[in-house]
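Enquirer: As input, take model_14.cif (mmCIF, C-alpha atoms and all ligand atoms):
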```
data_data
loop_
_atom_site.label_atom_id
_atom_site.label_comp_id
_atom_site.auth_asym_id
_atom_site.auth_seq_id
_atom_site.Cartn_x
_atom_site.Cartn_y
_atom_site.Cartn_z
CA MET A 69 71.34 93.77 63.55
CA ALA A 70 68.28 91.60 63.96
CA THR A 71 65.25 92.82 62.06
CA TYR A 72 61.59 92.54 62.90
CA ASP A 73 61.43 89.39 60.78
CA GLU A 74 64.09 87.47 62.68
CA CYS A 75 64.04 85.69 66.02
CA SER A 76 66.03 87.77 68.51
CA LEU A 77 67.85 84.66 69.73
CA CYS A 78 68.47 82.27 66.81
CA THR A 79 67.91 84.90 64.05
CA GLY A 80 65.69 82.32 62.30
CA LEU A 81 62.87 83.57 60.09
CA LEU A 82 59.67 84.51 61.91
CA THR A 83 56.24 83.79 60.52
CA ASP A 84 52.78 84.74 61.78
CA SER A 85 52.42 81.30 63.33
CA ASN A 86 55.74 80.97 65.16
CA ALA A 87 56.46 84.60 66.19
CA VAL A 88 55.98 85.56 69.83
CA ARG A 89 56.58 89.03 71.23
CA LEU A 90 57.99 89.06 74.74
CA TRP A 91 57.65 91.89 77.23
CA ASP A 92 61.00 93.37 76.25
CA GLY A 93 59.33 94.36 72.96
CA ARG A 94 61.42 91.90 70.93
CA ASP A 95 60.16 89.06 68.75
CA TYR A 96 61.22 85.46 69.26
CA CYS A 97 60.44 82.16 67.61
CA GLU A 98 58.25 79.77 69.54
CA ARG A 99 60.94 77.07 69.47
CA CYS A 100 63.51 79.26 71.23
CA LEU A 101 61.04 80.20 73.95
CA GLU A 102 59.85 76.64 74.50
CA ALA A 103 63.49 75.54 74.80
CA ARG A 104 63.94 78.07 77.61
CA LEU A 105 60.69 77.27 79.41
CA PRO A 106 57.92 74.99 78.17
CA GLY A 107 54.73 77.06 78.12
CA LEU A 108 56.50 80.45 77.92
CA ALA A 109 55.23 81.13 74.39
CA ASP A 110 51.60 80.55 75.40
CA TYR A 111 52.07 82.58 78.56
CA ALA A 112 53.47 85.50 76.55
CA ARG A 113 50.64 85.30 74.02
CA SER A 114 48.03 85.46 76.77
CA HIS A 115 49.72 88.21 78.84
CA SER A 116 50.38 91.51 77.09
CA ARG A 117 52.47 92.52 80.07
CA LEU A 118 54.36 90.71 82.79
CA GLU A 119 53.08 91.91 86.14
CA GLU A 120 53.35 90.74 89.73
CA THR A 121 52.61 92.15 93.16
CA SER A 122 54.17 90.83 96.36
CA ALA A 123 51.74 88.55 98.15
CA ASP A 124 50.53 88.47 101.74
CA GLU A 125 52.13 85.57 103.53
CA PRO A 126 50.95 85.55 107.15
CA GLY A 127 52.61 82.16 107.71
CA ARG A 128 56.03 83.53 106.84
CA VAL A 129 55.46 86.64 108.93
CA ALA A 130 54.56 84.50 111.94
CA MET A 131 57.59 82.26 111.37
CA ARG A 132 59.86 85.28 111.25
CA LEU A 133 58.46 86.55 114.54
CA LEU A 134 58.86 83.11 116.08
CA ALA A 135 62.51 82.96 114.98
CA MET A 136 63.11 86.43 116.39
CA GLU A 137 61.47 85.53 119.73
CA ALA A 138 63.54 82.35 119.95
CA GLY A 139 66.70 84.45 119.60
CA ILE A 140 65.55 86.94 122.25
CA PHE A 141 64.57 84.09 124.57
CA ALA A 142 68.00 82.43 124.24
CA ILE A 143 69.89 85.66 124.97
CA PHE A 144 67.84 86.70 128.03
CA PHE A 145 67.69 83.13 129.34
CA LEU A 146 71.51 83.10 129.46
CA VAL A 147 71.58 86.58 131.03
CA PHE A 148 69.20 85.44 133.80
CA LEU A 149 71.26 82.28 134.40
CA ALA A 150 74.42 84.38 134.66
CA GLY A 151 72.57 86.60 137.16
CA GLY A 152 72.03 83.60 139.44
CA ALA A 153 68.47 82.53 138.54
CA SER A 154 67.62 78.83 138.31
CA PRO A 155 66.85 77.45 134.81
CA ALA A 156 63.17 77.07 135.73
CA GLU A 157 62.89 80.67 136.99
CA ALA A 158 64.76 82.03 133.97
CA ALA A 159 62.57 80.06 131.53
CA LEU A 160 59.36 81.22 133.24
CA VAL A 161 60.22 84.93 133.40
CA VAL A 162 61.83 85.19 129.96
CA GLY A 163 59.13 82.99 128.40
CA LEU A 164 56.41 85.26 129.79
CA LEU A 165 58.17 88.41 128.56
CA CYS A 166 58.64 86.93 125.08
CA PHE A 167 54.98 85.86 124.99
CA VAL A 168 53.79 89.39 125.83
CA GLN A 169 56.24 91.08 123.48
CA GLY A 170 55.41 88.67 120.63
CA GLY A 171 51.70 89.19 121.21
CA ILE A 172 52.11 92.94 120.83
CA GLN A 173 54.39 92.70 117.78
CA LEU A 174 52.52 90.07 115.77
CA PRO A 175 49.60 92.32 114.70
CA MET A 176 52.10 95.04 113.79
CA PHE A 177 54.08 92.61 111.64
CA PHE A 178 50.90 91.43 109.87
CA TRP A 179 49.86 95.04 109.26
CA THR A 180 53.27 95.98 107.86
CA SER A 181 53.34 92.96 105.58
CA ARG A 182 49.87 93.75 104.20
CA ARG A 183 50.67 97.42 103.76
CA ASN A 184 54.15 97.32 102.20
CA LYS A 185 53.87 96.19 98.61
CA THR A 186 56.00 95.95 95.51
CA THR A 187 54.42 95.75 92.06
CA ILE A 188 56.52 95.25 88.96
CA VAL A 189 55.18 95.60 85.44
CA VAL A 190 57.20 94.97 82.29
CA GLU A 191 55.66 96.01 79.01
CA ASN A 192 57.26 96.78 75.67
CA GLY A 193 60.76 97.06 77.10
CA THR A 194 59.86 99.35 80.02
CA VAL A 195 59.90 98.34 83.68
CA THR A 196 57.56 100.11 86.06
CA CYS A 197 58.12 99.48 89.75
CA ARG A 198 55.48 100.71 92.15
CA ARG A 199 56.28 100.41 95.79
CA ARG A 200 54.56 101.36 99.02
CA ILE A 201 56.58 101.52 102.22
CA MET A 202 54.21 102.49 105.04
CA HIS A 203 52.71 105.82 103.84
CA ILE A 204 55.38 106.48 101.17
CA ARG A 205 54.52 105.58 97.60
CA GLU A 206 57.21 105.49 94.94
CA THR A 207 57.15 104.74 91.23
CA PHE A 208 60.20 104.08 89.09
CA GLU A 209 59.99 103.73 85.35
CA LEU A 210 63.11 102.69 83.47
CA PRO A 211 64.08 100.76 80.32
CA LEU A 212 64.54 97.04 80.95
CA GLY A 213 68.15 97.36 79.77
CA ASP A 214 68.89 99.56 82.82
CA PHE A 215 68.37 96.60 85.14
CA ASN A 216 70.51 93.70 86.21
CA TRP A 217 68.88 90.76 87.89
CA THR A 218 69.80 88.06 90.31
CA ILE A 219 68.22 85.50 92.64
CA GLY A 220 68.33 86.56 96.26
CA ARG A 221 66.60 87.33 99.50
CA PRO A 222 63.35 89.26 99.13
CA SER A 223 64.32 91.39 102.11
CA ARG A 224 66.79 93.26 99.88
CA ASP A 225 63.72 95.03 98.47
CA MET A 226 63.11 97.86 100.94
CA ALA A 227 59.35 97.26 100.96
CA GLN A 228 59.88 93.62 101.93
CA GLN A 229 62.58 93.81 104.56
CA HIS A 230 60.27 93.75 107.56
CA ALA A 231 57.99 90.98 106.41
CA ARG A 232 60.07 88.19 104.99
CA LEU A 233 63.44 87.98 106.63
CA TRP A 234 62.80 84.38 107.52
CA PRO A 235 62.67 81.79 106.10
CA PHE A 236 65.15 82.84 103.43
CA GLY A 237 63.08 81.97 100.37
CA LYS A 238 64.79 83.26 97.27
CA VAL A 239 63.06 85.43 94.69
CA VAL A 240 64.09 87.34 91.56
CA LEU A 241 65.63 90.74 92.26
CA LEU A 242 65.74 93.49 89.67
CA LYS A 243 68.54 95.94 90.36
CA GLN A 244 69.13 99.24 88.69
CA ARG A 245 72.61 99.42 87.26
CA ASN A 246 74.79 102.41 86.41
CA ALA A 247 73.51 104.24 89.47
CA SER A 248 75.31 105.51 92.55
CA PHE A 249 75.77 103.09 95.44
CA TRP A 250 72.88 104.51 97.50
CA VAL A 251 70.47 104.61 94.62
CA ARG A 252 71.42 101.06 93.65
CA ARG A 253 70.78 99.89 97.17
CA ALA A 254 67.39 101.60 97.27
CA GLN A 255 66.31 100.45 93.84
CA ILE A 256 66.16 96.71 94.23
CA PHE A 257 62.76 95.25 93.47
CA ALA A 258 61.60 91.73 94.28
CA CYS A 259 59.37 89.57 92.08
CA GLY A 260 58.85 85.88 91.33
CA TRP A 261 56.98 85.08 94.54
CA THR A 262 55.71 81.68 93.45
CA GLU A 263 57.61 78.87 91.76
CA GLU A 264 55.60 79.45 88.57
CA THR A 265 56.10 83.21 88.36
CA LYS A 266 59.76 82.81 89.31
CA ARG A 267 60.30 80.44 86.37
CA VAL A 268 58.59 82.90 84.00
CA TRP A 269 60.62 85.90 85.25
CA VAL A 270 63.91 84.00 85.02
CA ALA A 271 63.21 82.62 81.54
CA PHE A 272 62.08 86.03 80.29
CA LEU A 273 65.02 87.93 81.78
CA GLN A 274 67.47 85.39 80.36
CA CYS A 275 65.90 85.68 76.89
CA ALA A 276 66.02 89.49 77.03
CA GLN A 277 69.63 89.43 78.21
CA ASP A 278 70.74 86.97 75.54
CA ALA A 279 68.85 88.86 72.83
CA ARG A 280 70.71 92.05 73.79
CA HIS A 281 74.00 90.20 73.40
CA THR A 282 72.92 88.68 70.07
CA VAL A 283 72.16 92.17 68.74
CA HIS A 284 75.37 93.69 70.11
CA SER A 285 77.60 90.94 68.79
CA GLU A 286 76.46 91.42 65.21
ZN ZN I 301 64.58 81.47 67.70
#
```
Could you render the structure as structure tokens?

Expert:
Amino acid sequence: MATYDECSLCTGLLTDSNAVRLWDGRDYCERCLEARLPGLADYARSHSRLEETSADEPGRVAMRLLAMEAGIFAIFFLVFLAGGASPAEAALVVGLLCFVQGGIQLPMFFWTSRRNKTTIVVENGTVTCRRRIMHIRETFELPLGDFNWTIGRPSRDMAQQHARLWPFGKVVLLKQRNASFWVRRAQIFACGWTEETKRVWVAFLQCAQDARHTVHSE
């Protein structure tokens, strides 16, 4: 069993100068952390907790709407052609309908994307997920060890499914394990929205995972 004086990964001796506490509450040596991600040790020293909130991305929201309208246009264009309309007539009518429909939906999409938020905080081994979906606010607080993680589509987080279906940028997903199917599906939380925060989340979660295995294997 690793003690307070040992690095949770290499079990090397920790000193005041090389010890770094990560957000899982474990201590690591600076060398192990730097090997995982250069700058992680400094980042951990300057952030007592790892926290991120999903960002507003109007560009992505608009792109998603555009992709959706393109799909609708293609389907109705073909329907009109099958109904005997000329390509020019079909394009004009369907184009106009898509323009009006898109114009009505765009503000709604922007509003939804600003309103629905996911905030994840990890501090001393505990994960707190705060989520707002329209008027519903939820908070989940669980030990870090109760989560699995993966890289995937942000839309798997229920607060993000309306805003970022396209393009399929990948983020870090925390998933509650040892729960029933429906709870597992509901309790997926997205983080790592920028390349920098994604690198930090991945490096941290890998360290925490490996440290758990180091402890268990002893
Ligand atoms: Zn180490």

Enquirer: Around ligand ZN 301 (chain I), at most 7 Å away and counting only C-alpha atoms and all ligand atoms, which residues are there? Put them as a list in words, please.

Expert: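 With only C-alpha atoms and all ligand atoms and a cut-off of 7 Å, ligand ZN 301 (chain I) is contacted by Cys75, Ser76, Leu77, Cys78, Thr79, Gly80, Tyr96, Cys97, Glu98, Arg99 and Cys100 of chain A.
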
Enquirer: Would you mind exporting C-alpha atoms of the selected residues as a short mmCIF file (atom, residue, chain, number, x, y, z; two decimals), in the coordinates of the input?

Expert:
```
data_model
loop_
_atom_site.label_atom_id
_atom_site.label_comp_id
_atom_site.auth_asym_id
_atom_site.auth_seq_id
_atom_site.Cartn_x
_atom_site.Cartn_y
_atom_site.Cartn_z
CA CYS A 75 64.04 85.69 66.02
CA SER A 76 66.03 87.77 68.51
CA LEU A 77 67.85 84.66 69.73
CA CYS A 78 68.47 82.27 66.81
CA THR A 79 67.91 84.90 64.05
CA GLY A 80 65.69 82.32 62.30
CA TYR A 96 61.22 85.46 69.26
CA CYS A 97 60.44 82.16 67.61
CA GLU A 98 58.25 79.77 69.54
CA ARG A 99 60.94 77.07 69.47
CA CYS A 100 63.51 79.26 71.23
#
```

Enquirer: Enter the distance from CA of Asp225 in chain A to CA of Arg199 in chain A, in Å, rounded to one decimal.

Expert: 9.6 Å

Enquirer: Taking only C-alpha atoms into account, which of A:Ala87, A:Leu81, A:Cys259, A:Leu212 comes nearest Arg198 in chain A?

Expert: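 Counting only C-alpha atoms, the residue closest to Arg198 in chain A is A:Cys259.
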
Enquirer: For Thr196 in chain A, list every protein, DNA or RNA residue within 8 Å, evaluated using all atoms listed in the file, and leave out those in the same chain fewer than 6 positions away; present the list as a list in words.

Expert: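 Selected residues are Ile188, Val189, Val190, Thr207, Phe208, Glu209 and Leu210 of chain A.
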
Enquirer: Could you jot down the CA of Asn192 in chain A to CA of Ala123 in chain A separation for me, Å, one decimal place?

Expert: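 Between these atoms lies a distance of 24.6 Å.
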
Enquirer: Calculate how many Å separate CA of Lys266 in chain A from CA of Val239 in chain A, rounding to one decimal.

Expert: 6.8 Å

Enquirer: Between A:Met202, A:Arg113, A:Lys238, A:Trp91, which one has atoms that come closest to Asn184 in chain A, using only C-alpha atoms?

Expert: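 For Asn184 in chain A, the nearest of the candidates is A:Met202.
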
Enquirer: Please give the centre and size of the box around range 112-126 of chain A (axis-aligned, containing every atom listed in the file, 6 Å added per side), with values in Å to one decimal and written as lines of an AutoDock Vina configuration file.

Expert:
```
center_x = 51.2
center_y = 88.9
center_z = 90.6
size_x = 18.3
size_y = 19.2
size_z = 45.1
```

Enquirer: Find the spatial neighbours of Gln274 in chain A, counting all atoms listed in the file, within a cut-off of 9 Å - ignore same-chain residues fewer than 5 positions away - and output them as a PyMOL selection string.

Expert: chain A and resi 104+269+279

Enquirer: Between A:Gly107, A:Gly163, A:Gly93, A:Pro126, which one has atoms that come closest to Pro175 in chain A, using only C-alpha atoms?

Expert: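 Checking each of A:Gly107, A:Gly163, A:Gly93, A:Pro126 against Pro175 in chain A, counting only C-alpha atoms, the winner is A:Pro126.
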
Enquirer: Of the candidates A:Asp214, A:Glu137, A:Glu102, A:Asp278, which one gets nearest to Gly193 in chain A if we count only C-alpha atoms?

Expert: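 Of A:Asp214, A:Glu137, A:Glu102, A:Asp278, the one nearest Gly193 in chain A is A:Asp214, counting only C-alpha atoms.
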
Enquirer: Near Pro155 in chain A, counting only C-alpha atoms, which residues have an atom at most 10 Å away, once you skip same-chain residues fewer than 4 positions from it, shown as JSON, numbers by chain?

Expert: {"A": [145, 146, 148, 149, 159, 160]}

Enquirer: Skip Gln277 in chain A itself and residues of its chain fewer than 3 positions away, then list as a list of chain:residue names all residues within 10 Å of it, counting all atoms listed in the file.

Expert: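 In the requested form, the answer reads A:Leu77, A:Asp92, A:Leu212, A:Gly213, A:Asn216, A:Trp217, A:Ala271, A:Phe272, A:Leu273, A:Gln274, A:Arg280, A:His281, A:Thr282.
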
Enquirer: Determine the nearest neighbour of Phe144 in chain A from the options A:Leu164, A:Ala130, A:Thr194, A:Glu264, counting all atoms listed in the file.

Expert: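 Under the stated criterion, the closest residue is A:Leu164.
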
Enquirer: Taking only C-alpha atoms into account, which of A:Ser223, A:Val161, A:Arg89, A:Ala247 comes nearest Arg117 in chain A?

Expert: A:Arg89

Enquirer: As a PDB file, keeping the file's coordinate frame, could you write out range 85-104 of chain A once it has been completed with N, CA and C atoms?

Expert:
```
ATOM      1  N   SER A  85      52.783  82.396  62.427  1.00  0.00           N
ATOM      2  CA  SER A  85      52.420  81.300  63.330  1.00  0.00           C
ATOM      3  C   SER A  85      53.466  81.013  64.407  1.00  0.00           C
ATOM      4  N   ASN A  86      54.738  81.334  64.143  1.00  0.00           N
ATOM      5  CA  ASN A  86      55.740  80.970  65.160  1.00  0.00           C
ATOM      6  C   ASN A  86      56.292  82.172  65.928  1.00  0.00           C
ATOM      7  N   ALA A  87      55.903  83.403  65.541  1.00  0.00           N
ATOM      8  CA  ALA A  87      56.460  84.600  66.190  1.00  0.00           C
ATOM      9  C   ALA A  87      55.755  84.879  67.510  1.00  0.00           C
ATOM     10  N   VAL A  88      56.541  85.191  68.516  1.00  0.00           N
ATOM     11  CA  VAL A  88      55.980  85.560  69.830  1.00  0.00           C
ATOM     12  C   VAL A  88      56.710  86.818  70.295  1.00  0.00           C
ATOM     13  N   ARG A  89      55.942  87.820  70.685  1.00  0.00           N
ATOM     14  CA  ARG A  89      56.580  89.030  71.230  1.00  0.00           C
ATOM     15  C   ARG A  89      56.633  88.915  72.746  1.00  0.00           C
ATOM     16  N   LEU A  90      57.852  89.062  73.271  1.00  0.00           N
ATOM     17  CA  LEU A  90      57.990  89.060  74.740  1.00  0.00           C
ATOM     18  C   LEU A  90      57.863  90.481  75.271  1.00  0.00           C
ATOM     19  N   TRP A  91      57.935  90.602  76.575  1.00  0.00           N
ATOM     20  CA  TRP A  91      57.650  91.890  77.230  1.00  0.00           C
ATOM     21  C   TRP A  91      58.804  92.876  77.096  1.00  0.00           C
ATOM     22  N   ASP A  92      59.909  92.426  76.523  1.00  0.00           N
ATOM     23  CA  ASP A  92      61.000  93.370  76.250  1.00  0.00           C
ATOM     24  C   ASP A  92      60.768  94.083  74.917  1.00  0.00           C
ATOM     25  N   GLY A  93      59.656  93.721  74.235  1.00  0.00           N
ATOM     26  CA  GLY A  93      59.330  94.360  72.960  1.00  0.00           C
ATOM     27  C   GLY A  93      59.981  93.679  71.770  1.00  0.00           C
ATOM     28  N   ARG A  94      60.753  92.617  72.025  1.00  0.00           N
ATOM     29  CA  ARG A  94      61.420  91.900  70.930  1.00  0.00           C
ATOM     30  C   ARG A  94      60.594  90.684  70.514  1.00  0.00           C
ATOM     31  N   ASP A  95      60.865  90.237  69.271  1.00  0.00           N
ATOM     32  CA  ASP A  95      60.160  89.060  68.750  1.00  0.00           C
ATOM     33  C   ASP A  95      61.072  87.836  68.791  1.00  0.00           C
ATOM     34  N   TYR A  96      60.473  86.726  69.128  1.00  0.00           N
ATOM     35  CA  TYR A  96      61.220  85.460  69.260  1.00  0.00           C
ATOM     36  C   TYR A  96      60.443  84.379  68.529  1.00  0.00           C
ATOM     37  N   CYS A  97      61.162  83.293  68.197  1.00  0.00           N
ATOM     38  CA  CYS A  97      60.440  82.160  67.610  1.00  0.00           C
ATOM     39  C   CYS A  97      59.978  81.260  68.755  1.00  0.00           C
ATOM     40  N   GLU A  98      58.863  80.608  68.511  1.00  0.00           N
ATOM     41  CA  GLU A  98      58.250  79.770  69.540  1.00  0.00           C
ATOM     42  C   GLU A  98      59.221  78.693  70.025  1.00  0.00           C
ATOM     43  N   ARG A  99      60.022  78.158  69.101  1.00  0.00           N
ATOM     44  CA  ARG A  99      60.940  77.070  69.470  1.00  0.00           C
ATOM     45  C   ARG A  99      61.985  77.528  70.481  1.00  0.00           C
ATOM     46  N   CYS A 100      62.518  78.728  70.283  1.00  0.00           N
ATOM     47  CA  CYS A 100      63.510  79.260  71.230  1.00  0.00           C
ATOM     48  C   CYS A 100      62.897  79.433  72.622  1.00  0.00           C
ATOM     49  N   LEU A 101      61.677  79.953  72.644  1.00  0.00           N
ATOM     50  CA  LEU A 101      61.040  80.200  73.950  1.00  0.00           C
ATOM     51  C   LEU A 101      60.717  78.894  74.654  1.00  0.00           C
ATOM     52  N   GLU A 102      60.204  77.926  73.887  1.00  0.00           N
ATOM     53  CA  GLU A 102      59.850  76.640  74.500  1.00  0.00           C
ATOM     54  C   GLU A 102      61.093  75.922  75.020  1.00  0.00           C
ATOM     55  N   ALA A 103      62.237  76.155  74.341  1.00  0.00           N
ATOM     56  CA  ALA A 103      63.490  75.540  74.800  1.00  0.00           C
ATOM     57  C   ALA A 103      63.903  76.135  76.138  1.00  0.00           C
ATOM     58  N   ARG A 104      63.575  77.409  76.343  1.00  0.00           N
ATOM     59  CA  ARG A 104      63.940  78.070  77.610  1.00  0.00           C
ATOM     60  C   ARG A 104      63.003  77.655  78.739  1.00  0.00           C
TER      61      ARG A 104
END
```
